[in-house]
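The structure appears right after this line, and notes come after that.
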Amino acid sequence: MEKMTFHPREHLYTPREAEIISVSDLTPVEKIFTLRMKDDSPLGHLPGQFVQLSILGFAEAPMSVASSPTRKSCFDLAIRRAGTLTAEMHGKVPGDTVGIRGPFGSSFELSALQGHDLLLISGGCGLAPLRSLIQYCADCPDEFGRVEIIYGARNPDALLFKKDLADWRSSSGFGCSVTVDTVRGGEGRGGECFEGPVGLITALIPPLVPDPARTMAVVVGPPPMYRAVIEELKRKGIVASRIYLSLERNMRCGVGKCGHCTIEHLYCCTDGPVFRLDRIEGVRGAI
Ligand SMILES: Cc1cc2nc3c(=O)[nH]c(=O)nc-3n(C[C@H](O)[C@H](O)[C@H](O)COP(=O)(O)OP(=O)(O)OC[C@H]3O[C@@H](n4cnc5c(N)ncnc54)[C@H](O)[C@@H]3O)c2cc1C
Ligand code: FES
């Protein structure tokens with residue numbers, strides 16, 4: 001997996017100050033924050049990496065970077081209100097300052113993905129880290145073959161990045177299919193109708209794999225999604241060495257010191273969060 005090769009020591013342990021540039025609602029419980037380092041330095045991440053977000057007086061939490069490193073001056077975090085830190089973050093407004101450590105962890109291996117057709121599959125919040133890779137593909141279209149995006153959410157209200165999904169759907173470089181598990185009376189938030197398919201995300205995979213030997217798959221989503229999606233991808237002829245996953249574990253330090261994120265002998269924060277499937281298939285508790 002590609003990792004950052006250069007980490008000034010202070011970036012490992014000491015948060016850098018970042019200013020919130022804009023905030024907007026994605027869903028009733030998720031907001032997107034655009035941030036800029038106060039010293040104007042780029043974040044220096046690769047798609048798939050995460051940062052440790054902190055607010056003075058509150059704890060830290062890992063957050064995936066939701067924008068591409070090609071969009072240099074700012075970066076996005078999509079944050080679900082889950083507990084103490086994220087509730088505090090949801091009260092922040094443009095101009096406020098937060099702490100950022102990182103970027104940390106492995107990334108989606110760009111050198112392995114380049115030159116291939118891509119199948120980018122995400123469920124729920126998994127679209128946040130994948131958006132970084134999708135934006136990268138949009139900004140560097142010559143580096144990739146056909147890019148197919150498949151996204152699933154519980155219901156229309158829970159769909160993240162609705163504007164991006166519409167843009168990707170209308171872009172000639174991408175295929176983009178969206179499904180939801182359920183709809184309430186066919187109505188989404190604000191009276192919008194959801195016109196896409198209703199059902200499991202795996203149902204969207206079959207028609208989309210014209211050449212498995214030229215295809216690389218990236219899967220990010222809630223744990224129950226992985227088994228079903230991996231099974232379906234393998235049925236379509238995509239072997240484990242062509243499938244990348246991003247895993248989440250409870251994390252503290254983010255830099256391989258505290259042991260909170262272990263998966264057998266692996267540290268999710270430094271060996272992951274992005275893993276190639278054939279390298280973790282035999283690891284107990286990984287998926
Ligand atoms: C690599 C990585 C990337 C992440 N990216 C994002 C992101 O882009 N956006 C986002 O909203 N969240 C993300 N998370 C999850 C986020 O870090 C947790 O939800 C975090 O605990 C929230 O902090 P809090 O203080 O608000 O909640 P807390 O008060 O810590 O707890 C909220 C609840 O979430 C549980 N929890 C804590 N850590 C995790 C975890 N890693 N996974 C699942 N449940 C957890 C706690 O046990 C508790 O039940 C990511 C986690 C990891 C490991
Ligand atoms: S979070 Fe501390 S070792 Fe991974």
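The way I read the labels, and the way they are meant: chains A, B, ... in the order of the structure tokens, residue 1 as the first residue of every chain, and ligand 1 as the first ligand shown, with later ones counted on from there.
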A:Lys92 surroundings by only C-alpha atoms, 12 Å radius, close-in-sequence under 4 positions cut, as number ranges by chain: A: 19-24, 31-35, 55, 79, 85-88, 96-98
Could the residues in this selection be saved with N, CA, C and O atoms as a CSV table (one decimal), in the first residue's frame?
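This went into out-v7.csv:
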chain,number,residue,atom,x,y,z
A,19,GLU,N,-8.3,25.9,9.8
A,19,GLU,CA,-9.4,26.8,9.9
A,19,GLU,C,-10.6,26.2,9.1
A,19,GLU,O,-10.4,25.7,7.9
A,20,ILE,N,-11.8,26.3,9.6
A,20,ILE,CA,-13.0,25.8,8.9
A,20,ILE,C,-13.3,26.9,7.9
A,20,ILE,O,-13.6,28.1,8.3
A,21,ILE,N,-13.4,26.5,6.6
A,21,ILE,CA,-13.7,27.5,5.6
A,21,ILE,C,-15.2,27.5,5.3
A,21,ILE,O,-15.8,28.5,5.0
A,22,SER,N,-15.8,26.3,5.2
A,22,SER,CA,-17.2,26.2,5.0
A,22,SER,C,-17.8,25.0,5.7
A,22,SER,O,-17.1,24.0,5.9
A,23,VAL,N,-19.1,25.0,5.9
A,23,VAL,CA,-19.8,23.9,6.5
A,23,VAL,C,-21.1,23.8,5.8
A,23,VAL,O,-21.8,24.8,5.6
A,24,SER,N,-21.5,22.5,5.4
A,24,SER,CA,-22.9,22.4,5.0
A,24,SER,C,-23.4,21.0,5.3
A,24,SER,O,-22.7,20.1,5.6
A,31,LYS,N,-22.4,16.3,8.3
A,31,LYS,CA,-22.1,17.6,7.7
A,31,LYS,C,-20.7,17.5,7.0
A,31,LYS,O,-19.9,16.7,7.4
A,32,ILE,N,-20.5,18.3,6.0
A,32,ILE,CA,-19.2,18.4,5.3
A,32,ILE,C,-18.5,19.7,5.7
A,32,ILE,O,-19.2,20.7,5.7
A,33,PHE,N,-17.3,19.5,6.1
A,33,PHE,CA,-16.5,20.7,6.5
A,33,PHE,C,-15.3,20.8,5.5
A,33,PHE,O,-14.6,19.8,5.2
A,34,THR,N,-15.1,22.0,5.0
A,34,THR,CA,-13.9,22.3,4.2
A,34,THR,C,-13.0,23.1,5.1
A,34,THR,O,-13.3,24.0,5.7
A,35,LEU,N,-11.7,22.6,5.1
A,35,LEU,CA,-10.7,23.2,6.0
A,35,LEU,C,-9.5,23.6,5.2
A,35,LEU,O,-9.2,23.0,4.2
A,55,ILE,N,-10.4,18.9,19.0
A,55,ILE,CA,-10.9,20.2,19.4
A,55,ILE,C,-10.4,20.4,20.8
A,55,ILE,O,-10.6,19.4,21.6
A,79,ILE,N,-18.5,14.5,8.4
A,79,ILE,CA,-18.5,14.0,9.8
A,79,ILE,C,-19.9,13.7,10.2
A,79,ILE,O,-20.8,14.6,10.2
A,85,LEU,N,-17.0,14.4,20.5
A,85,LEU,CA,-16.2,15.3,19.6
A,85,LEU,C,-17.0,15.7,18.4
A,85,LEU,O,-17.0,16.8,18.0
A,86,THR,N,-17.7,14.7,17.8
A,86,THR,CA,-18.4,15.0,16.6
A,86,THR,C,-19.6,16.0,16.8
A,86,THR,O,-19.9,16.8,16.0
A,87,ALA,N,-20.2,15.9,18.0
A,87,ALA,CA,-21.3,16.8,18.3
A,87,ALA,C,-20.8,18.2,18.5
A,87,ALA,O,-21.3,19.2,18.0
A,88,GLU,N,-19.6,18.3,19.1
A,88,GLU,CA,-18.9,19.6,19.2
A,88,GLU,C,-18.6,20.2,17.9
A,88,GLU,O,-18.8,21.4,17.6
A,96,ASP,N,-13.8,29.1,12.6
A,96,ASP,CA,-13.4,28.4,13.8
A,96,ASP,C,-12.1,27.6,13.5
A,96,ASP,O,-11.9,27.2,12.3
A,97,THR,N,-11.4,27.3,14.5
A,97,THR,CA,-10.1,26.5,14.4
A,97,THR,C,-10.2,25.1,15.0
A,97,THR,O,-10.8,25.0,16.1
A,98,VAL,N,-9.7,24.1,14.4
A,98,VAL,CA,-9.6,22.8,15.0
A,98,VAL,C,-8.2,22.3,14.8
A,98,VAL,O,-7.4,22.9,14.1
Residues within 7 Å of ligand 1, counting only C-alpha atoms and all ligand atoms, as a PyMOL selection string: chain A and resi 50+59-66+77-87+125+128-129+247-251+269+273
Would you save the residues of that selection, restricted to C-alpha atoms, as an mmCIF file, in the first residue's frame?
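Saved as selection.cif:
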data_model
loop_
_atom_site.group_PDB
_atom_site.id
_atom_site.type_symbol
_atom_site.label_atom_id
_atom_site.label_comp_id
_atom_site.auth_asym_id
_atom_site.auth_seq_id
_atom_site.Cartn_x
_atom_site.Cartn_y
_atom_site.Cartn_z
ATOM 1 C CA PHE A 50 -7.219 9.657 7.433
ATOM 2 C CA ALA A 59 -10.818 14.107 22.518
ATOM 3 C CA GLU A 60 -9.491 13.232 19.079
ATOM 4 C CA ALA A 61 -11.119 11.029 16.447
ATOM 5 C CA PRO A 62 -9.949 9.584 13.139
ATOM 6 C CA MET A 63 -11.650 11.056 10.059
ATOM 7 C CA SER A 64 -11.172 10.023 6.445
ATOM 8 C CA VAL A 65 -10.156 12.779 4.086
ATOM 9 C CA ALA A 66 -13.098 13.175 1.706
ATOM 10 C CA LEU A 77 -14.053 15.988 6.127
ATOM 11 C CA ALA A 78 -17.566 14.479 6.131
ATOM 12 C CA ILE A 79 -18.523 14.008 9.757
ATOM 13 C CA ARG A 80 -21.400 12.036 11.291
ATOM 14 C CA ARG A 81 -22.627 13.213 14.692
ATOM 15 C CA ALA A 82 -21.788 10.116 16.775
ATOM 16 C CA GLY A 83 -20.605 11.279 20.214
ATOM 17 C CA THR A 84 -18.767 13.972 22.138
ATOM 18 C CA LEU A 85 -16.228 15.254 19.625
ATOM 19 C CA THR A 86 -18.402 15.044 16.558
ATOM 20 C CA ALA A 87 -21.330 16.791 18.324
ATOM 21 C CA CYS A 125 -20.297 6.714 5.174
ATOM 22 C CA ALA A 128 -16.428 9.786 2.206
ATOM 23 C CA PRO A 129 -12.972 8.202 1.708
ATOM 24 C CA LEU A 247 -11.424 -1.101 7.408
ATOM 25 C CA GLU A 248 -12.426 0.870 10.505
ATOM 26 C CA ARG A 249 -11.360 0.073 14.049
ATOM 27 C CA ASN A 250 -11.452 2.066 17.272
ATOM 28 C CA MET A 251 -8.305 4.160 17.229
ATOM 29 C CA CYS A 269 -3.870 2.733 11.706
ATOM 30 C CA PRO A 273 -6.932 1.371 6.902
#
Residue list (strand (DSSP E or B), DSSP) for stretch 27-137 of chain A, as a ChimeraX atom specification: /A:30-37,50-54,60-64,75-80,97-104,117-123
Please produce an output containing N, CA, C and O atoms for each residue in the selection, written as a compact mmCIF listing (two decimals), in the first residue's frame.
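What follows is the written file out.txt:
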# COMPACT_ATOMS: atom_id res chain seq x y z
N GLU A 30 -25.12 14.21 9.16
CA GLU A 30 -23.77 14.34 8.61
C GLU A 30 -23.56 15.72 8.01
O GLU A 30 -24.44 16.24 7.31
N LYS A 31 -22.40 16.30 8.28
CA LYS A 31 -22.06 17.59 7.69
C LYS A 31 -20.73 17.47 6.98
O LYS A 31 -19.89 16.65 7.37
N ILE A 32 -20.54 18.31 5.96
CA ILE A 32 -19.23 18.36 5.31
C ILE A 32 -18.54 19.67 5.69
O ILE A 32 -19.16 20.74 5.67
N PHE A 33 -17.28 19.53 6.09
CA PHE A 33 -16.46 20.67 6.50
C PHE A 33 -15.31 20.81 5.51
O PHE A 33 -14.61 19.84 5.24
N THR A 34 -15.13 22.01 4.99
CA THR A 34 -13.94 22.29 4.19
C THR A 34 -12.96 23.06 5.07
O THR A 34 -13.35 24.03 5.74
N LEU A 35 -11.72 22.57 5.12
CA LEU A 35 -10.72 23.16 6.02
C LEU A 35 -9.47 23.57 5.25
O LEU A 35 -9.20 23.03 4.17
N ARG A 36 -8.74 24.48 5.84
CA ARG A 36 -7.44 24.88 5.27
C ARG A 36 -6.45 25.01 6.42
O ARG A 36 -6.78 25.55 7.47
N MET A 37 -5.24 24.48 6.20
CA MET A 37 -4.20 24.63 7.23
C MET A 37 -3.90 26.10 7.44
O MET A 37 -3.79 26.86 6.48
N PHE A 50 -6.38 8.97 6.46
CA PHE A 50 -7.22 9.66 7.43
C PHE A 50 -6.38 10.65 8.23
O PHE A 50 -5.14 10.60 8.20
N VAL A 51 -7.07 11.54 8.92
CA VAL A 51 -6.40 12.46 9.86
C VAL A 51 -7.01 12.23 11.25
O VAL A 51 -8.08 11.65 11.38
N GLN A 52 -6.31 12.69 12.27
CA GLN A 52 -6.87 12.74 13.62
C GLN A 52 -7.35 14.17 13.85
O GLN A 52 -6.55 15.11 13.84
N LEU A 53 -8.67 14.30 14.03
CA LEU A 53 -9.29 15.60 14.24
C LEU A 53 -9.40 15.86 15.74
O LEU A 53 -9.85 14.97 16.48
N SER A 54 -9.01 17.05 16.20
CA SER A 54 -9.15 17.35 17.63
C SER A 54 -9.73 18.75 17.82
O SER A 54 -9.56 19.63 16.98
N GLU A 60 -9.81 13.28 20.51
CA GLU A 60 -9.49 13.23 19.08
C GLU A 60 -10.31 12.11 18.46
O GLU A 60 -10.71 11.17 19.14
N ALA A 61 -10.51 12.16 17.15
CA ALA A 61 -11.12 11.03 16.45
C ALA A 61 -10.56 10.95 15.03
O ALA A 61 -10.30 11.99 14.41
N PRO A 62 -10.40 9.71 14.52
CA PRO A 62 -9.95 9.58 13.14
C PRO A 62 -11.06 9.95 12.16
O PRO A 62 -12.22 9.61 12.39
N MET A 63 -10.71 10.67 11.11
CA MET A 63 -11.65 11.06 10.06
C MET A 63 -10.99 10.85 8.70
O MET A 63 -9.87 11.32 8.49
N SER A 64 -11.70 10.20 7.80
CA SER A 64 -11.17 10.02 6.44
C SER A 64 -11.16 11.36 5.73
O SER A 64 -12.10 12.16 5.88
N PHE A 75 -9.11 20.91 2.17
CA PHE A 75 -9.51 19.49 2.19
C PHE A 75 -10.85 19.37 2.91
O PHE A 75 -11.22 20.23 3.71
N ASP A 76 -11.57 18.29 2.61
CA ASP A 76 -12.92 18.09 3.16
C ASP A 76 -12.93 16.93 4.16
O ASP A 76 -12.28 15.91 3.95
N LEU A 77 -13.73 17.09 5.21
CA LEU A 77 -14.05 15.99 6.13
C LEU A 77 -15.57 15.89 6.18
O LEU A 77 -16.25 16.90 6.38
N ALA A 78 -16.12 14.69 5.99
CA ALA A 78 -17.57 14.48 6.13
C ALA A 78 -17.78 13.80 7.47
O ALA A 78 -17.28 12.70 7.70
N ILE A 79 -18.51 14.45 8.36
CA ILE A 79 -18.52 14.01 9.76
C ILE A 79 -19.94 13.70 10.24
O ILE A 79 -20.83 14.56 10.20
N ARG A 80 -20.11 12.45 10.70
CA ARG A 80 -21.40 12.04 11.29
C ARG A 80 -21.40 12.37 12.77
O ARG A 80 -20.42 12.12 13.47
N THR A 97 -11.37 27.26 14.54
CA THR A 97 -10.12 26.51 14.37
C THR A 97 -10.23 25.14 15.03
O THR A 97 -10.79 25.01 16.12
N VAL A 98 -9.68 24.12 14.37
CA VAL A 98 -9.60 22.77 14.95
C VAL A 98 -8.17 22.27 14.79
O VAL A 98 -7.36 22.89 14.11
N GLY A 99 -7.87 21.12 15.43
CA GLY A 99 -6.54 20.54 15.31
C GLY A 99 -6.55 19.35 14.36
O GLY A 99 -7.52 18.60 14.30
N ILE A 100 -5.46 19.21 13.62
CA ILE A 100 -5.34 18.11 12.66
C ILE A 100 -3.97 17.46 12.85
O ILE A 100 -2.94 18.14 12.79
N ARG A 101 -3.96 16.14 13.11
CA ARG A 101 -2.70 15.37 13.04
C ARG A 101 -2.77 14.47 11.81
O ARG A 101 -3.82 13.97 11.46
N GLY A 102 -1.64 14.24 11.19
CA GLY A 102 -1.63 13.36 10.04
C GLY A 102 -1.33 14.13 8.78
O GLY A 102 -0.86 15.25 8.86
N PRO A 103 -1.57 13.55 7.61
CA PRO A 103 -2.37 12.35 7.32
C PRO A 103 -1.65 11.06 7.72
O PRO A 103 -0.44 11.00 7.74
N PHE A 104 -2.49 10.03 8.02
CA PHE A 104 -1.98 8.75 8.49
C PHE A 104 -2.52 7.60 7.64
O PHE A 104 -3.57 7.71 6.99
N ASP A 117 -9.68 -0.44 -15.47
CA ASP A 117 -11.07 -0.04 -15.20
C ASP A 117 -11.27 -0.14 -13.70
O ASP A 117 -10.74 -1.05 -13.05
N LEU A 118 -12.05 0.78 -13.14
CA LEU A 118 -12.25 0.77 -11.69
C LEU A 118 -13.72 0.56 -11.34
O LEU A 118 -14.61 1.13 -11.99
N LEU A 119 -13.92 -0.26 -10.34
CA LEU A 119 -15.25 -0.47 -9.78
C LEU A 119 -15.18 0.04 -8.35
O LEU A 119 -14.50 -0.55 -7.51
N LEU A 120 -15.80 1.18 -8.07
CA LEU A 120 -15.67 1.83 -6.77
C LEU A 120 -17.00 1.66 -6.03
O LEU A 120 -18.01 2.29 -6.39
N ILE A 121 -16.99 0.80 -5.02
CA ILE A 121 -18.25 0.40 -4.36
C ILE A 121 -18.26 0.89 -2.93
O ILE A 121 -17.34 0.60 -2.16
N SER A 122 -19.30 1.64 -2.56
CA SER A 122 -19.34 2.11 -1.16
C SER A 122 -20.75 2.05 -0.63
O SER A 122 -21.74 2.14 -1.36
N GLY A 123 -20.82 1.90 0.70
CA GLY A 123 -22.10 1.91 1.39
C GLY A 123 -22.03 2.92 2.52
O GLY A 123 -20.98 3.06 3.17
Set the cut-off to 6 Å, count only C-alpha atoms and all ligand atoms, and list whatever residues fall near ligand 2 as a PDB file with N, CA, C and O atoms, in the first residue's frame.
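Below is the file that was written, pocket-v3.pdb:
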ATOM      1  N   MET A 251      -9.699   3.713  17.257  1.00  0.00           N
ATOM      2  CA  MET A 251      -8.305   4.160  17.229  1.00  0.00           C
ATOM      3  C   MET A 251      -8.067   5.211  18.299  1.00  0.00           C
ATOM      4  O   MET A 251      -8.986   5.939  18.672  1.00  0.00           O
ATOM      5  N   ARG A 252      -6.843   5.288  18.776  1.00  0.00           N
ATOM      6  CA  ARG A 252      -6.454   6.352  19.710  1.00  0.00           C
ATOM      7  C   ARG A 252      -5.322   7.177  19.117  1.00  0.00           C
ATOM      8  O   ARG A 252      -5.485   8.318  18.778  1.00  0.00           O
ATOM      9  N   CYS A 253      -4.136   6.533  19.007  1.00  0.00           N
ATOM     10  CA  CYS A 253      -2.960   7.330  18.628  1.00  0.00           C
ATOM     11  C   CYS A 253      -2.893   7.581  17.124  1.00  0.00           C
ATOM     12  O   CYS A 253      -2.420   8.620  16.683  1.00  0.00           O
ATOM     13  N   GLY A 254      -3.302   6.599  16.327  1.00  0.00           N
ATOM     14  CA  GLY A 254      -3.251   6.742  14.869  1.00  0.00           C
ATOM     15  C   GLY A 254      -1.878   6.476  14.278  1.00  0.00           C
ATOM     16  O   GLY A 254      -1.709   6.521  13.062  1.00  0.00           O
ATOM     17  N   VAL A 255      -0.906   6.192  15.132  1.00  0.00           N
ATOM     18  CA  VAL A 255       0.474   6.064  14.620  1.00  0.00           C
ATOM     19  C   VAL A 255       1.170   4.786  15.094  1.00  0.00           C
ATOM     20  O   VAL A 255       2.391   4.734  15.197  1.00  0.00           O
ATOM     21  N   GLY A 256       0.391   3.745  15.422  1.00  0.00           N
ATOM     22  CA  GLY A 256       1.003   2.454  15.733  1.00  0.00           C
ATOM     23  C   GLY A 256       1.621   2.338  17.107  1.00  0.00           C
ATOM     24  O   GLY A 256       2.490   1.494  17.332  1.00  0.00           O
ATOM     25  N   LYS A 257       1.196   3.142  18.072  1.00  0.00           N
ATOM     26  CA  LYS A 257       1.817   3.109  19.404  1.00  0.00           C
ATOM     27  C   LYS A 257       0.925   2.490  20.481  1.00  0.00           C
ATOM     28  O   LYS A 257       1.426   1.897  21.423  1.00  0.00           O
ATOM     29  N   CYS A 258      -0.401   2.678  20.399  1.00  0.00           N
ATOM     30  CA  CYS A 258      -1.245   2.352  21.558  1.00  0.00           C
ATOM     31  C   CYS A 258      -1.852   0.952  21.501  1.00  0.00           C
ATOM     32  O   CYS A 258      -2.270   0.411  22.526  1.00  0.00           O
ATOM     33  N   GLY A 259      -1.933   0.356  20.321  1.00  0.00           N
ATOM     34  CA  GLY A 259      -2.468  -1.001  20.188  1.00  0.00           C
ATOM     35  C   GLY A 259      -3.987  -1.095  20.193  1.00  0.00           C
ATOM     36  O   GLY A 259      -4.539  -2.192  20.210  1.00  0.00           O
ATOM     37  N   HIS A 260      -4.701   0.036  20.150  1.00  0.00           N
ATOM     38  CA  HIS A 260      -6.171  -0.022  20.191  1.00  0.00           C
ATOM     39  C   HIS A 260      -6.792  -0.580  18.913  1.00  0.00           C
ATOM     40  O   HIS A 260      -7.929  -1.015  18.919  1.00  0.00           O
ATOM     41  N   CYS A 261      -6.055  -0.530  17.813  1.00  0.00           N
ATOM     42  CA  CYS A 261      -6.690  -0.818  16.522  1.00  0.00           C
ATOM     43  C   CYS A 261      -6.232  -2.148  15.925  1.00  0.00           C
ATOM     44  O   CYS A 261      -6.362  -2.354  14.732  1.00  0.00           O
ATOM     45  N   TYR A 267      -1.850  -3.517  12.541  1.00  0.00           N
ATOM     46  CA  TYR A 267      -2.373  -2.287  13.119  1.00  0.00           C
ATOM     47  C   TYR A 267      -3.195  -1.598  12.033  1.00  0.00           C
ATOM     48  O   TYR A 267      -2.664  -1.256  10.981  1.00  0.00           O
ATOM     49  N   CYS A 268      -4.485  -1.386  12.330  1.00  0.00           N
ATOM     50  CA  CYS A 268      -5.348  -0.774  11.319  1.00  0.00           C
ATOM     51  C   CYS A 268      -4.869   0.644  10.977  1.00  0.00           C
ATOM     52  O   CYS A 268      -5.038   1.106   9.856  1.00  0.00           O
ATOM     53  N   CYS A 269      -4.241   1.324  11.949  1.00  0.00           N
ATOM     54  CA  CYS A 269      -3.870   2.733  11.706  1.00  0.00           C
ATOM     55  C   CYS A 269      -2.628   2.875  10.843  1.00  0.00           C
ATOM     56  O   CYS A 269      -2.469   3.885  10.166  1.00  0.00           O
TER      57      CYS A 269
END
Residue set, stretch 5-243 of chain A restricted to helix (DSSP H, G or I), as a PyMOL selection string: chain A and resi 9-13+84-90+110-113+124-139+141-143+156-158+162-170+189-191+201-204+206-208+212-214+223-235+240-242
Contact residues around A:Leu133 with only C-alpha atoms at 8 Å, ignoring same-chain residues under 5 positions, as a compact mmCIF listing (two decimals) with all heavy atoms, in the first residue's frame:
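Once everything was written out, this is selection-v5.txt:
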# COMPACT_ATOMS: atom_id res chain seq x y z
N PRO A 47 -5.41 9.59 -1.49
CA PRO A 47 -6.78 9.10 -1.32
C PRO A 47 -6.80 7.83 -0.45
O PRO A 47 -6.02 6.91 -0.68
CB PRO A 47 -7.22 8.79 -2.75
CG PRO A 47 -6.40 9.70 -3.60
CD PRO A 47 -5.06 9.80 -2.91
N GLY A 48 -7.69 7.82 0.55
CA GLY A 48 -7.82 6.66 1.43
C GLY A 48 -7.22 6.90 2.80
O GLY A 48 -7.52 6.17 3.75
N SER A 67 -11.68 14.50 0.24
CA SER A 67 -11.39 15.23 -1.00
C SER A 67 -10.04 14.78 -1.54
O SER A 67 -9.22 14.22 -0.81
CB SER A 67 -11.40 16.74 -0.75
OG SER A 67 -10.47 17.04 0.28
N SER A 68 -9.82 15.08 -2.82
CA SER A 68 -8.60 14.60 -3.48
C SER A 68 -7.42 15.53 -3.21
O SER A 68 -7.59 16.74 -3.12
CB SER A 68 -8.85 14.54 -4.99
OG SER A 68 -7.65 14.38 -5.69
N PHE A 108 -5.41 4.11 -1.02
CA PHE A 108 -5.77 3.28 -2.17
C PHE A 108 -4.56 3.32 -3.12
O PHE A 108 -4.12 4.41 -3.49
CB PHE A 108 -7.01 3.82 -2.86
CG PHE A 108 -8.19 3.93 -1.94
CD1 PHE A 108 -8.81 5.16 -1.71
CD2 PHE A 108 -8.70 2.82 -1.29
CE1 PHE A 108 -9.90 5.26 -0.85
CE2 PHE A 108 -9.79 2.91 -0.43
CZ PHE A 108 -10.37 4.14 -0.21
Residue neighbourhood stretch 151-159 of chain A, 7 Å, only C-alpha atoms, exclusion window fewer than 3 positions, as a PyMOL selection string: chain A and resi 27+121-124+162+177-183+188-189+194+201
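One finds atom CA of A:His90 at 20.6 Å from atom CA of A:Arg131.
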Near A:Thr70, within 10 Å and counting only C-alpha atoms, which residues show up once chain neighbours fewer than 5 positions away are dropped, as a short mmCIF file (atom, residue, chain, number, x, y, z; two decimals) with all heavy atoms, in the first residue's frame?
data_model
loop_
_atom_site.label_atom_id
_atom_site.label_comp_id
_atom_site.auth_asym_id
_atom_site.auth_seq_id
_atom_site.Cartn_x
_atom_site.Cartn_y
_atom_site.Cartn_z
N GLY A 44 -1.19 17.16 2.32
CA GLY A 44 -0.18 16.18 1.92
C GLY A 44 -0.67 14.74 1.98
O GLY A 44 0.12 13.83 2.22
N HIS A 45 -1.97 14.52 1.75
CA HIS A 45 -2.52 13.16 1.86
C HIS A 45 -2.60 12.47 0.51
O HIS A 45 -2.42 13.11 -0.55
CB HIS A 45 -3.90 13.21 2.49
CG HIS A 45 -4.95 13.81 1.60
ND1 HIS A 45 -4.95 15.15 1.24
CD2 HIS A 45 -6.03 13.26 0.97
CE1 HIS A 45 -5.98 15.40 0.45
NE2 HIS A 45 -6.65 14.26 0.26
N LEU A 46 -2.88 11.18 0.57
CA LEU A 46 -3.23 10.40 -0.61
C LEU A 46 -4.65 9.87 -0.41
O LEU A 46 -5.09 9.69 0.75
CB LEU A 46 -2.26 9.21 -0.77
CG LEU A 46 -0.82 9.57 -1.14
CD1 LEU A 46 0.10 8.38 -0.94
CD2 LEU A 46 -0.76 10.07 -2.59
N PRO A 47 -5.41 9.59 -1.49
CA PRO A 47 -6.78 9.10 -1.32
C PRO A 47 -6.80 7.83 -0.45
O PRO A 47 -6.02 6.91 -0.68
CB PRO A 47 -7.22 8.79 -2.75
CG PRO A 47 -6.40 9.70 -3.60
CD PRO A 47 -5.06 9.80 -2.91
N PHE A 75 -9.11 20.91 2.17
CA PHE A 75 -9.51 19.49 2.19
C PHE A 75 -10.85 19.37 2.91
O PHE A 75 -11.22 20.23 3.71
CB PHE A 75 -8.44 18.61 2.84
CG PHE A 75 -8.13 18.95 4.28
CD1 PHE A 75 -8.72 18.26 5.32
CD2 PHE A 75 -7.24 19.98 4.58
CE1 PHE A 75 -8.44 18.58 6.65
CE2 PHE A 75 -6.96 20.31 5.90
CZ PHE A 75 -7.56 19.61 6.93
N SER A 132 -12.55 10.92 -2.21
CA SER A 132 -11.19 11.41 -2.46
C SER A 132 -10.63 10.76 -3.72
O SER A 132 -10.04 11.43 -4.58
CB SER A 132 -10.32 11.08 -1.25
OG SER A 132 -8.99 11.44 -1.47
N GLN A 135 -12.68 11.96 -6.90
CA GLN A 135 -12.23 13.29 -7.36
C GLN A 135 -10.87 13.19 -8.05
O GLN A 135 -10.62 13.88 -9.04
CB GLN A 135 -12.13 14.25 -6.16
CG GLN A 135 -13.46 14.72 -5.63
CD GLN A 135 -13.29 15.78 -4.55
OE1 GLN A 135 -12.20 16.00 -4.03
NE2 GLN A 135 -14.38 16.43 -4.18
N TYR A 136 -10.01 12.32 -7.50
CA TYR A 136 -8.69 12.14 -8.14
C TYR A 136 -8.87 11.62 -9.57
O TYR A 136 -8.24 12.11 -10.50
CB TYR A 136 -7.83 11.17 -7.31
CG TYR A 136 -6.43 11.02 -7.85
CD1 TYR A 136 -5.38 11.81 -7.36
CD2 TYR A 136 -6.15 10.12 -8.88
CE1 TYR A 136 -4.11 11.70 -7.88
CE2 TYR A 136 -4.87 10.01 -9.41
CZ TYR A 136 -3.86 10.80 -8.90
OH TYR A 136 -2.59 10.70 -9.43
N CYS A 137 -9.76 10.64 -9.74
CA CYS A 137 -10.03 10.08 -11.08
C CYS A 137 -10.59 11.17 -12.01
O CYS A 137 -10.25 11.23 -13.19
CB CYS A 137 -11.03 8.93 -11.01
SG CYS A 137 -10.45 7.49 -10.12
N ALA A 138 -11.47 12.02 -11.44
CA ALA A 138 -12.05 13.10 -12.26
C ALA A 138 -10.98 14.08 -12.71
O ALA A 138 -11.03 14.59 -13.83
CB ALA A 138 -13.14 13.82 -11.46
N ASP A 139 -10.00 14.33 -11.83
CA ASP A 139 -8.96 15.32 -12.15
C ASP A 139 -7.85 14.73 -13.02
O ASP A 139 -7.11 15.48 -13.65
CB ASP A 139 -8.35 15.87 -10.85
CG ASP A 139 -9.37 16.72 -10.07
OD1 ASP A 139 -10.40 17.08 -10.66
OD2 ASP A 139 -9.13 17.01 -8.88
N CYS A 140 -7.70 13.40 -13.01
CA CYS A 140 -6.63 12.74 -13.80
C CYS A 140 -7.24 11.64 -14.67
O CYS A 140 -6.89 10.46 -14.51
CB CYS A 140 -5.58 12.15 -12.88
SG CYS A 140 -4.95 13.30 -11.65
#
Exercise: A:Ile205 partners within 10 Å, only C-alpha atoms, chain neighbours under 2 positions left out, as a ChimeraX atom specification: /A:119,121,148,150,177,201-203,207-209,229,232-233,236
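When atom CA of A:Ser241 is paired with atom CA of A:Phe275, their separation reads 10.1 Å.
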